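So the structure is just underneath, and the comments pick up after that.
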Amino acid sequence: MKYHITLLIELKDGILDPQGRAVEGVLQGLQYPVENVRVGRVLEMELEAPSEAEARATAHNIGKALSNPVMEVFVVEAVKELA
Amino acid sequence: MKVAVIQFPGSNCDQDALWALRLVGLEAELVWHTERSLEGFQAALLPGGFSYGDYLRAGALAKFSPVMQEVRRLAQRGYPVVGICNGFQVLTEAGLLPGALLANTNLHFTCKEVFLRVERTDLPFTRAYTPGQVLRIPIAHGEGRYYADAETLERLEQNHQVVFRYTSPQEAPSKEGYNPNGSLNDIAGIVNPAGNVLGLMPHPERAVESVLGSADGLPFFRSLKQALEVVV
């Protein structure tokens, strides 16, 4: 089966995110009432796996390989079976 | 005694590193990152640049290059391994050095001369310096803010693993304002507990001849030469 995977990689809480701050400043300048803006990454991929559970497990391993545990956390956001 | 200068796709300080190593009389060769053997090399230098275009994170993809297994092996066997700028980022991503290099606090890519205090002179990279010596060496990076959790940072300090720290020029009236990127504890370079794997953000290879504005990086390479002459 083929699965579509969405993987989120975000900076850990408490890690200064200057990119998020810059975006926050711009949004506030546009009069949006926002605070604590953080910038992360979304990775999408298609993955061949025998079952959804195995697709999720592989996605987890990929998240582990691609994120840096010193300052990031990752979430397997979605696993969708492709028709 | 031969030094491998590892070339990743996107390395751009490889030739400068080669030049600096040869300038002090070391034998050095470029090694492409897909090589699976570093047989015959007694040291490795990971140069600056933008390996894999800094995609994902600086150094994050280079750590998977085949040659990195061999770099790891050299490191484990106690041979000198040094990562400069992007090379430092690769070493932290690969787990050969603790911590990480994050985006500079001011979000600027900063390219200028900085002042560094040499904290240790007992290493294969620093023995030609004097303790506390202040060097003038250029930096050129967007992600150089050294970060590690509080526990790691304390361990680094206790083990004297901080080798270079951003500082002020000696004549400066104030000591404030000389950390160019927001690095914790003003850290510019660290070494592993064994003292053979070093990473630093500043570029000693860009400061090896007075015509370049400073020759303060030359003793870095002289130290390595001295150290390698002892290794058999």
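By convention in this document, the chains of the structure tokens carry letters A, B, ... by their order, each chain's residues are numbered from 1, and ligands are numbered from 1 in the order they are shown.
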
Q: Report as a list of chain:residue names the set of chain B residues whose atoms approach chain A to within 9 Å, with distances computed over only C-alpha atoms.
A: B:Leu56, B:Arg57, B:Ala60, B:Leu61, B:Glu93, B:Pro98, B:Gly99, B:Ala100, B:Leu102, B:Ala103, B:Asn104, B:Thr105, B:Asn106, B:Leu107, B:Tyr147, B:Ala148, B:Asp149

Q: Taking the DSSP assignment computed from this structure's backbone, write out as a PyMOL selection string all residues of stretch 79-226 of chain B that belong to helix (DSSP H, G or I).
A: chain B and resi 86-93+150-158+184-186+204-206+210-212+218-226

Take the residues that were just selected and, keeping C-alpha atoms, output them as an mmCIF file, in the first residue's frame.
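The result, stored in again_29.cif:
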```cif
data_model
loop_
_atom_site.group_PDB
_atom_site.id
_atom_site.type_symbol
_atom_site.label_atom_id
_atom_site.label_comp_id
_atom_site.auth_asym_id
_atom_site.auth_seq_id
_atom_site.Cartn_x
_atom_site.Cartn_y
_atom_site.Cartn_z
ATOM 1 C CA ASN B 86 29.757 24.329 8.381
ATOM 2 C CA GLY B 87 32.147 21.542 9.380
ATOM 3 C CA PHE B 88 31.387 22.318 13.048
ATOM 4 C CA GLN B 89 27.673 22.176 12.239
ATOM 5 C CA VAL B 90 28.199 18.759 10.607
ATOM 6 C CA LEU B 91 30.104 17.471 13.652
ATOM 7 C CA THR B 92 27.304 18.490 16.037
ATOM 8 C CA GLU B 93 24.630 17.053 13.733
ATOM 9 C CA ALA B 150 22.026 23.704 30.826
ATOM 10 C CA GLU B 151 23.374 20.344 31.924
ATOM 11 C CA THR B 152 25.517 19.882 28.789
ATOM 12 C CA LEU B 153 26.783 23.437 29.060
ATOM 13 C CA GLU B 154 27.840 22.902 32.645
ATOM 14 C CA ARG B 155 29.601 19.685 31.729
ATOM 15 C CA LEU B 156 31.446 21.443 28.886
ATOM 16 C CA GLU B 157 32.670 24.133 31.267
ATOM 17 C CA GLN B 158 33.632 21.681 34.001
ATOM 18 C CA LEU B 184 25.739 30.664 24.993
ATOM 19 C CA ASN B 185 28.758 31.409 27.229
ATOM 20 C CA ASP B 186 30.332 33.228 24.234
ATOM 21 C CA PRO B 204 41.391 30.163 10.944
ATOM 22 C CA GLU B 205 42.118 29.142 7.332
ATOM 23 C CA ARG B 206 41.092 32.633 6.219
ATOM 24 C CA SER B 210 49.148 39.002 6.712
ATOM 25 C CA VAL B 211 47.927 39.882 3.217
ATOM 26 C CA LEU B 212 44.573 38.389 4.271
ATOM 27 C CA LEU B 218 48.434 30.150 11.198
ATOM 28 C CA PRO B 219 49.413 28.718 14.621
ATOM 29 C CA PHE B 220 46.213 26.634 14.463
ATOM 30 C CA PHE B 221 47.624 24.747 11.475
ATOM 31 C CA ARG B 222 51.175 24.771 12.864
ATOM 32 C CA SER B 223 49.817 23.120 16.000
ATOM 33 C CA LEU B 224 48.207 20.422 13.913
ATOM 34 C CA LYS B 225 51.456 19.857 12.049
ATOM 35 C CA GLN B 226 53.359 19.500 15.319
#
```

Q. Rounded to one decimal in Å, what is the spacing between atom CA of B:Val82 and atom CA of B:Ser65?
A.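 These two atoms are separated by 16.7 Å.
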
(Q) Which residue is closest to B:Cys85? Choose from B:Glu39, B:Glu70, B:Glu27, B:Glu143 and count only C-alpha atoms. (A)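 Looking at the shortest contact to B:Cys85, the residue is B:Glu143.
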
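Using only C-alpha atoms for every distance, the candidate list A:Met45, A:Met1, A:Leu7, A:Val26 yields A:Leu7 as the residue closest to A:Lys64.
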
Q.
From the options B:Gly48, B:Pro138, B:Gly78, B:Pro9, which residue's atoms come nearest to B:Ala194, counting only C-alpha atoms?
A.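 Going through B:Gly48, B:Pro138, B:Gly78, B:Pro9 one by one, the smallest distance to B:Ala194 is for B:Gly78.
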
Q.
Given only C-alpha atoms as the basis, pick out the residue of A:Gly20, A:Gly14, A:Glu48, A:Ala55 nearest to A:Val34.
A.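 Nearest to A:Val34: A:Gly20.
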
(Q) What's the separation between atom CA of B:Leu135 and atom CA of B:Leu116, in Å to one decimal place? (A) 5.0 Å

Q.
I need the strand (DSSP E or B) residues of stretch 4-83 of chain A per DSSP on the backbone, written as an NGL selection string.
A. :A and (4-11 or 41-48 or 72-81)
